[in-house]
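> Starting off with a structure, shown below.
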Amino acid sequence: MTVPAAIRASGLMDPFGRHVSYLRVSVTDRCDFRCVYCMSEHMTFLPKKDLLSLEELDRLCAVFVAKGVRRLRITGGEPLVRKGIMTLFEGLSRHLKTGALDELTLTTNGSQLPKYAQALRDCGVERVNISLDTLKPDRFKAITRWGDFGDVMAGLEAAEKAGLKIKLNAVALKGVNEDEIADLMHFAHARGADLTLIETMPLGDIDGDRTDQYLPLSVVRARLMDQFTLEDIPYRTGGPARYVRVAETGGRLGFITPLTHNFCESCNRVRLTCTGTLYMCLGQEDAADLRAPLRASSDDAPVARAIDAAIARKPKGHDFIIDRTSRKPAVGRHMSVTGG
Ligand code: SAM
Ligand code: SF4
C-alpha cells in the first residue's frame with residue numbers, strides 16, 4: 001500500500017525537539033530461551049489472536065518509514081521463532097531498495113541463525129546484534145535456562161559466513177558473569193565484533209530479586225581500566241551505547257547504562273509491540289494503540305494521525321531505579337514484550 005503524500009511529513013519530532021527516526025518492532029513476545037533477567041520460567045504469553053499478522057506489521061512499518069523513520073530493528077522475544085518471519089524481512093527490504101530506509105537489522109539470541117543468516121543477508125540486513133552473556137556452556141544454561149551454547153556458536157559462525165557484521169550484547173550480572181567481562185571482550189574483538197555491555201533494567205516480574213543481579217557498569221568500567229586502556233570515542237550506532245576503543249585489543253566496547261547514566265536526552269526511538277501497541281518510552285507505561293486504526297480502514301491516514309498523537313506525548317525519560325527499597329519493577333511489561 002502506498003502512503004498518501006499528505007502523510008509524508010518532514011519527520012517525527014517530539015515535544016522536546018528530539019527527532020524520532022528509529023523504530024524497534026517486537027514481532028513476538030515468545031522465545032526459545034528463558035533468560036533469568038528477562039522472563040520467569042513459566043511465562044504467560046500474549047494470546048495468538050491478539051497478534052498483528054506479518055502483513056499488518058509490514059503495513060505499520062511502511063507508515064513509520066513514510067513518516068521519516070530511517071532505521072528499523074526487528075526484535076522480540078526471539079524474532080526468528082515467529083513463523084514465516086522471513087516474509088516480513090523480504091517485504092521490509094523494499095524500503096532499503098528505495099533508499100527510504102538506511103538500515104534494517106535485528107537483535108537475536110542467535111539460536112536460529114544457522115537457518116536464517118544467509119536469507120537475512122540476502123534481504124539487505126548488514127549487521128545483527130547477538131546476545132551472549134557467557135562463554136561457559138554450563139553458565140549459559142543457567143542464565144538462559146532453555147538455551148544451548150552450541151546452537152548460539154553455530155549461529156555466530158553462520159552469521160560470519162553470511163557476511164553479517166556482528167555486535168555482541170552482554171547483560172552484566174552481579175555474581176554471574178562479572179568475572180568474564182574481559183574474556184567476552186577478547187572473544188568479540190578477536191572476531192572483529194564490537195561488544196556492548198548492558199545494565200539490567202527493572203522490567204517485568206522475574207523469579208528472582210533484581211537487586212541481586214544489578215551490577216553498575218561504572219564498577220565494570222573501573223575494573224577494566226585496571227587491565228586495559230579505554231579511550232572514549234565518538235562512535236555511535238544510533239542506539240544509546242557509548243563507546244570506548246580498547247588500546248590492547250584495538251576493538252570497540254560499548255556501555256548501555258540506563259541506571260548509572262541516563263541517556264534519555266538523546267532518545268530517537270519508539271517501540272512497537274506485536275499487538276500494535278506503540279510505547280514511546282521503554283521505561284514508562286503510556287502507550288498508543290495502533291491496531292484499532294490500522295484495522296478500521298485500509299487508508300493509512302488514521303494510523304498516521306495516531307502515530308503523530310503518540311509522538312506528541314513522548315515522555316522526557318524513564319525513572320528506572322534498582323535498590324533495596326524499590327523492589328517492584330519500574331514497569332510491569334517484560335523486555336520481551338516491548339523489545340530490547
Ligand atoms: N531474544 C533476543 C535477544 O535476546 O537478543 C531479542 C530480544 S531481548 C529482550 C533483547 C536484549 O534485551 C537482549 O540483549 C537481552 O539480553 C536484553 N534484556 C532482556 N531483559 C533485560 C533486562 N531486564 N535488562 C537489560 N537487558 C535486558
Ligand atoms: Fe529470550 Fe532474548 Fe529474553 Fe533471553 S533476553 S529470554 S533470548 S527474549
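A note on labels: chains of the C-alpha cells are A, B, ... as shown, every chain counts residues from 1, and ligands are counted from 1 in their shown order.
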List every residue of stretch 9-237 of chain A that DSSP, applied to the backbone of this structure, places in strand (DSSP E or B), and write the result as a tab-separated table (two decimals) with C-alpha atoms, in the first residue's frame.

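In the end it all went to states_1.tsv:
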chain	number	residue	atom	x	y	z
A	12	LEU	CA	8.53	12.86	13.54
A	13	MET	CA	9.51	15.30	16.26
A	19	HIS	CA	13.61	13.52	16.04
A	20	VAL	CA	12.18	10.02	16.13
A	22	TYR	CA	14.34	4.72	14.83
A	23	LEU	CA	11.63	2.10	15.29
A	24	ARG	CA	12.08	-1.15	17.16
A	25	VAL	CA	9.50	-3.78	16.40
A	26	SER	CA	8.89	-6.71	18.71
A	71	ARG	CA	16.16	2.61	10.87
A	72	LEU	CA	14.18	-0.49	11.74
A	73	ARG	CA	15.27	-3.06	14.28
A	74	ILE	CA	13.32	-6.30	14.48
A	75	THR	CA	13.35	-7.81	17.93
A	103	GLU	CA	19.10	0.23	7.95
A	104	LEU	CA	17.14	-2.95	8.60
A	105	THR	CA	18.56	-5.00	11.41
A	106	LEU	CA	17.71	-7.36	14.24
A	107	THR	CA	18.50	-8.39	17.78
A	108	THR	CA	18.58	-12.14	18.28
A	127	ARG	CA	24.55	-6.29	10.85
A	128	VAL	CA	23.00	-8.22	13.71
A	129	ASN	CA	23.11	-7.91	17.47
A	130	ILE	CA	23.60	-11.28	19.10
A	131	SER	CA	23.09	-11.63	22.83
A	165	LYS	CA	28.63	-7.64	10.85
A	166	ILE	CA	28.17	-8.75	14.42
A	167	LYS	CA	27.77	-6.91	17.68
A	168	LEU	CA	27.66	-9.00	20.82
A	169	ASN	CA	25.44	-7.80	23.67
A	170	ALA	CA	26.07	-8.96	27.22
A	171	VAL	CA	24.00	-8.06	30.26
A	173	LEU	CA	25.13	-9.67	36.06
A	194	ASP	CA	32.04	-4.99	18.99
A	195	LEU	CA	30.92	-5.92	22.49
A	196	THR	CA	28.26	-3.89	24.26
A	197	LEU	CA	27.58	-4.28	27.96
A	198	ILE	CA	24.10	-3.62	29.32
A	203	LEU	CA	11.20	-4.54	33.53
A	214	TYR	CA	22.30	-5.48	39.26
A	230	LEU	CA	39.94	2.63	27.44
A	231	GLU	CA	39.76	5.64	25.18
A	232	ASP	CA	36.39	7.43	24.75
A	233	ILE	CA	35.41	7.64	21.09
> Could you please write out, as number ranges by chain, every residue of stretch 81-233 of chain A that DSSP assigns to helix (DSSP H, G or I)?
A: 81, 85-98, 113-122, 137-144, 149-161, 178-190, 210-213, 217-227
> Given a cut-off of 9 Å, what residues near ligand 2 show up using only C-alpha atoms and all ligand atoms, put as a VMD selection string?
chain A and resid 29 to 40 75 to 79 107 to 111 131 143 to 147 334 to 337 339 to 340
> Restricting the calculation to only C-alpha atoms, which member of A:Pro240, A:Asp183, A:Thr249, A:Val176 is positioned closest to A:Leu215?
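Selected residue with least distance to A:Leu215: A:Val176.
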> Which one of A:Asp133, A:Asp179, A:Glu157, A:Asp289 sits closest to ligand 1 if you count only C-alpha atoms and all ligand atoms?
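Once distances to ligand 1 are computed over only C-alpha atoms and all ligand atoms, the minimum belongs to A:Asp133.
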> Just want the 8 Å neighbourhood of A:Leu224, counted on only C-alpha atoms, with same-chain residues fewer than 4 positions away dropped. Output as a short mmCIF file (atom, residue, chain, number, x, y, z; two decimals) with all heavy atoms, in the first residue's frame.

data_model
loop_
_atom_site.label_atom_id
_atom_site.label_comp_id
_atom_site.auth_asym_id
_atom_site.auth_seq_id
_atom_site.Cartn_x
_atom_site.Cartn_y
_atom_site.Cartn_z
N ALA A 182 36.14 -9.47 30.64
CA ALA A 182 37.35 -9.33 29.81
C ALA A 182 37.42 -10.47 28.78
O ALA A 182 37.79 -10.24 27.61
CB ALA A 182 38.60 -9.33 30.68
N VAL A 220 32.14 -1.94 36.51
CA VAL A 220 32.78 -2.78 35.49
C VAL A 220 33.87 -1.99 34.76
O VAL A 220 34.99 -2.47 34.55
CB VAL A 220 31.74 -3.29 34.47
CG1 VAL A 220 32.39 -4.03 33.33
CG2 VAL A 220 30.70 -4.15 35.16
N PHE A 228 43.10 -2.55 31.19
CA PHE A 228 43.08 -2.09 29.80
C PHE A 228 43.06 -0.57 29.72
O PHE A 228 42.66 0.10 30.65
CB PHE A 228 41.82 -2.62 29.08
CG PHE A 228 41.71 -4.10 29.06
CD1 PHE A 228 40.96 -4.77 30.02
CD2 PHE A 228 42.37 -4.86 28.09
CE1 PHE A 228 40.85 -6.15 30.01
CE2 PHE A 228 42.27 -6.24 28.08
CZ PHE A 228 41.51 -6.89 29.04
#
> Between A:Gly17, A:Gly283, A:Gly68, A:Pro137, which is the closest to ligand 1 once you count only C-alpha atoms and all ligand atoms?
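Comparing A:Gly17, A:Gly283, A:Gly68, A:Pro137 against ligand 1, the winner is A:Gly283.
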> Name all residues at most 12 Å from A:Lys97 (count only C-alpha atoms; drop same-chain ones fewer than 5 positions away) and give them as a list in words.
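Non-adjacent residues within range: Glu90, Gly91, Leu92, Asp102, Glu103, Leu104, Cys123, Gly124 and Val125 of chain A.
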> So that I can check the surroundings of stretch 315-318 of chain A, please list as a PyMOL selection string every protein, DNA and RNA residue that reaches within 7 Å of it, counting only C-alpha atoms and ignoring chain neighbours fewer than 4 positions away.
chain A and resi 264+281+283-284
> Could you check the closest approach to ligand 1 for each of A:Arg82, A:Arg59, A:His42, A:His186 and tell me which residue wins, using only C-alpha atoms and all ligand atoms?
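Distance minimum relative to ligand 1 lands on A:Arg82.
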